[in-house]
Amino acid sequence: MKQTKKITSEGLAFFEEKDMKKLRKYSLQGWHVYDFSIRGYKLEKGESRDYIYNIDYRFLNDDEKEEYIELCAQTGWTHIASDGDLHLFRANRGTKPLYTDQGTKVEKYAQSGRTMSKVVVPFVLITVLLWIGEIFSSGIVESILFTIATILTVIALPLVWATITIFKNKWKLAGRKGLVTFVSILPILLFCVAAYVVFFVEKREGTIIFLSYMLFGAIGFSYLISLVTLIYQKVRKKAVY
Amino acid sequence: MKKYEQLTDSMFYIMAALTKPRHGYAIMSLIEETSNGVVSIGPASMYTIIKKLLKQDWIYLYDNSDSRRKTYYLTDKGKEVLEAELIVRKRMIEIAENGLREVEG
C-alpha cells in the first residue's frame, strides 16, 4: 500500500500562491498531491519530481469538464482533483501557464467571488435578521436568538473576510487601486471603532456593544496570529542559517 | 453598424483562428505556429474566452461529436466584429508607420 499523509491549506482565498509553492516543495521531496482533503490536501509518497501546481476556479458541467481537462492535458497540465468549482492541476516546470491573459485572470477571481457570494450573502442576511429579532424580543426568545446569532456570527466573520479577499485579488489584477486600498484598511478601521467601544463606552450591555466586542476579538485575534506566525518564521529562518 | 468594445489581443487571435472550424488545442497550436512561438495562449485563458465568445454569439458550437474536442466556428455576427476590429488595428499600424517614417525622414 502507498504511504500517504495530509497537509493543511493556508486558506486558498488568502494564500493561493503560497499553497501552490508548498505543494511544489513537497513534490521535490517525493510527496505528490492526489486529492483535496477537508482542510487541505492528501499526498502520496513517490519519487522526487519538479512539478508546479495551479488552481483554477470555474463552474463546469460534466460535459464541459471533460473538454476543459482535455485541453489542459494537451498543453501539459494534468488534472489532479476537483472540489466543486475548484480544479487543481500539475505540470512539469517550464510549462506555459494556465492563464496568459490579464482579462481572463480577472475573470477567474470574479467567478470564485460569485460562487462564494452565493453562500455568504444569504448567510450574512440570516445572521443580521436574527440580530434584529434579538433586539426586538425578550425573555426566552431573546436568549435563543442571541445564542444562534452569536454562533452564526462566529462562522460568518471569516467567510465574509475570505469573500472580500477574493474580490480584493480580482481588483488588484484589474488595477482598481482605490478599492484595494479601501479593503486593506477596512479591518483596521473596524478594529479602531470596536476598540473605541470596548475601552471608552461606559455601557456594558446591549447588542451593538456585544457585537463590537466580537469584532474586536476576531480582528485582534487574527492579527495576533499572523504576527506570531511572522515572528516564528523569522526566528526559524535565522535558526537555519 | 453597432459599435463594439475593442477586442483583447487574445480574443482577436482566437476569432481569427476560427475562420475555419477548430477545437481549442488546434486554435492554440495555430496561433503559436503562425507567430513563431511569440504569442501563446494558456488553456484556462483559451477556455474562458471561448465561453465568452459563445455567449456573445460571435462563435458557435460547430461539432460536438467528440465531446473532448468540440470544434467552434465564427458566426456571421462574429465575422462582422472581426472585420470591424481589423480596420481599427490597421489604422493603429498606419499611425505607427507614419510616425516612424517622420522620425526617419
# chains A, B, ... in the order shown; residues from 1 in each chain; ligands from 1
>>> residues_around(residues="Ala162 of chain A", least_positions_apart="2", cutoff="10 Å", atoms="only C-alpha atoms", output="NGL selection string")
:A and (11-14 or 113 or 116 or 120 or 156-160 or 164-168)
>>> write_last_selection(atoms="N, CA and C atoms", output="compact mmCIF listing (two decimals), in the first residue's frame")
# COMPACT_ATOMS: atom_id res chain seq x y z
N GLY A 11 -5.43 28.38 3.37
CA GLY A 11 -6.62 29.14 3.02
C GLY A 11 -6.44 29.70 1.62
N LEU A 12 -7.15 29.09 0.65
CA LEU A 12 -6.90 29.43 -0.75
C LEU A 12 -7.22 30.87 -1.08
N ALA A 13 -8.26 31.42 -0.40
CA ALA A 13 -8.64 32.80 -0.70
C ALA A 13 -7.49 33.75 -0.38
N PHE A 14 -6.73 33.40 0.67
CA PHE A 14 -5.69 34.31 1.14
C PHE A 14 -4.32 33.97 0.56
N GLY A 113 -15.39 34.65 -6.67
CA GLY A 113 -16.09 35.56 -5.78
C GLY A 113 -17.60 35.38 -5.89
N MET A 116 -18.61 32.23 -4.01
CA MET A 116 -18.59 32.46 -2.58
C MET A 116 -19.79 33.29 -2.15
N VAL A 120 -22.35 33.11 0.98
CA VAL A 120 -22.07 34.04 2.09
C VAL A 120 -23.17 35.08 2.25
N ALA A 156 -19.74 33.51 10.27
CA ALA A 156 -19.88 34.48 9.17
C ALA A 156 -18.65 35.37 9.01
N LEU A 157 -18.03 35.76 10.13
CA LEU A 157 -16.92 36.71 10.05
C LEU A 157 -15.78 36.22 9.14
N PRO A 158 -15.23 35.00 9.36
CA PRO A 158 -14.17 34.55 8.45
C PRO A 158 -14.65 34.34 7.01
N LEU A 159 -15.92 33.94 6.85
CA LEU A 159 -16.46 33.74 5.50
C LEU A 159 -16.49 35.07 4.73
N VAL A 160 -16.97 36.10 5.41
CA VAL A 160 -17.04 37.43 4.79
C VAL A 160 -15.63 37.90 4.45
N ILE A 164 -14.27 38.86 0.76
CA ILE A 164 -13.72 40.18 0.46
C ILE A 164 -12.31 40.05 -0.11
N THR A 165 -11.54 39.10 0.43
CA THR A 165 -10.17 38.90 -0.05
C THR A 165 -10.15 38.45 -1.51
N ILE A 166 -11.10 37.58 -1.89
CA ILE A 166 -11.15 37.13 -3.29
C ILE A 166 -11.42 38.33 -4.20
N PHE A 167 -12.39 39.18 -3.78
CA PHE A 167 -12.68 40.36 -4.61
C PHE A 167 -11.48 41.30 -4.65
N LYS A 168 -10.74 41.33 -3.53
CA LYS A 168 -9.54 42.16 -3.50
C LYS A 168 -8.53 41.66 -4.53
>>> closest_atom_pairs(of="chain A", to="chain B", cutoff="12 Å", atoms="only C-alpha atoms", output="CSV")
residue,atom,partner,partner_atom,distance
A:Asn54,CA,B:Ala44,CA,10.7
A:Ile55,CA,B:Ala44,CA,10.3
A:Asp56,CA,B:Ala44,CA,7.8
A:Tyr57,CA,B:Ala44,CA,9.7
A:Arg58,CA,B:Thr48,CA,8.9
A:Phe59,CA,B:Thr48,CA,10.7
A:Leu60,CA,B:Tyr47,CA,10.9
A:Asp62,CA,B:Ser67,CA,10.2
A:Asp63,CA,B:Ser67,CA,6.8
A:Glu64,CA,B:Ser67,CA,8.2
A:Lys65,CA,B:Arg68,CA,8.8
A:Glu66,CA,B:Arg68,CA,5.6
A:Glu67,CA,B:Arg68,CA,4.2
A:Tyr68,CA,B:Tyr47,CA,7.0
A:Ile69,CA,B:Arg68,CA,8.3
A:Glu70,CA,B:Arg68,CA,6.1
A:Leu71,CA,B:Tyr25,CA,6.1
A:Cys72,CA,B:Pro43,CA,5.5
A:Ala73,CA,B:Pro43,CA,9.0
A:Gln74,CA,B:Tyr25,CA,7.0
A:Thr75,CA,B:Pro43,CA,7.1
A:Gly76,CA,B:Pro43,CA,9.7
A:Trp77,CA,B:Pro43,CA,8.8
A:Thr78,CA,B:Pro43,CA,11.7
A:His87,CA,B:Ala44,CA,11.0
A:Phe89,CA,B:Ala44,CA,11.0
A:Thr95,CA,B:Gly42,CA,9.7
A:Lys96,CA,B:Gly42,CA,6.5
A:Pro97,CA,B:Gly42,CA,5.7
A:Leu98,CA,B:Gly42,CA,4.6
A:Tyr99,CA,B:Ser45,CA,4.9
A:Thr100,CA,B:Gly42,CA,5.2
A:Asp101,CA,B:Ser45,CA,6.1
A:Gln102,CA,B:Ser45,CA,8.7
A:Gly103,CA,B:Thr8,CA,8.1
A:Thr104,CA,B:Ser45,CA,5.4
A:Lys105,CA,B:Ser45,CA,7.3
A:Val106,CA,B:Ser45,CA,10.3
A:Glu107,CA,B:Thr48,CA,7.9
A:Lys108,CA,B:Thr48,CA,8.6
A:Ala110,CA,B:Thr48,CA,12.0
A:Gln111,CA,B:Thr48,CA,10.6
>>> closest_residue(among="B:Ile95, B:Val88, B:Ile14, B:Leu30", to="Lys51 of chain B", atoms="only C-alpha atoms")
B:Ile14
>>> select_by_dssp(residues="segment 5-101 of chain A", states="strand (DSSP E or B)", output="number ranges by chain")
A: 5-8, 31-36, 40-45, 51-57, 78-83, 86-92
>>> closest_residue(among="A:Asn61, A:Thr8, A:Ser112, A:Thr153", to="Ile38 of chain A", atoms="only C-alpha atoms")
A:Thr8
>>> atom_distance(atom1="atom CA of Leu74 of chain B", atom2="atom CA of Lys20 of chain B")
7.5 Å
>>> select_by_dssp(residues="segment 17-228 of chain A", states="alpha helix (DSSP H)", output="PyMOL selection string")
chain A and resi 17-28+62-74+102-135+139-174+177-200+207-228
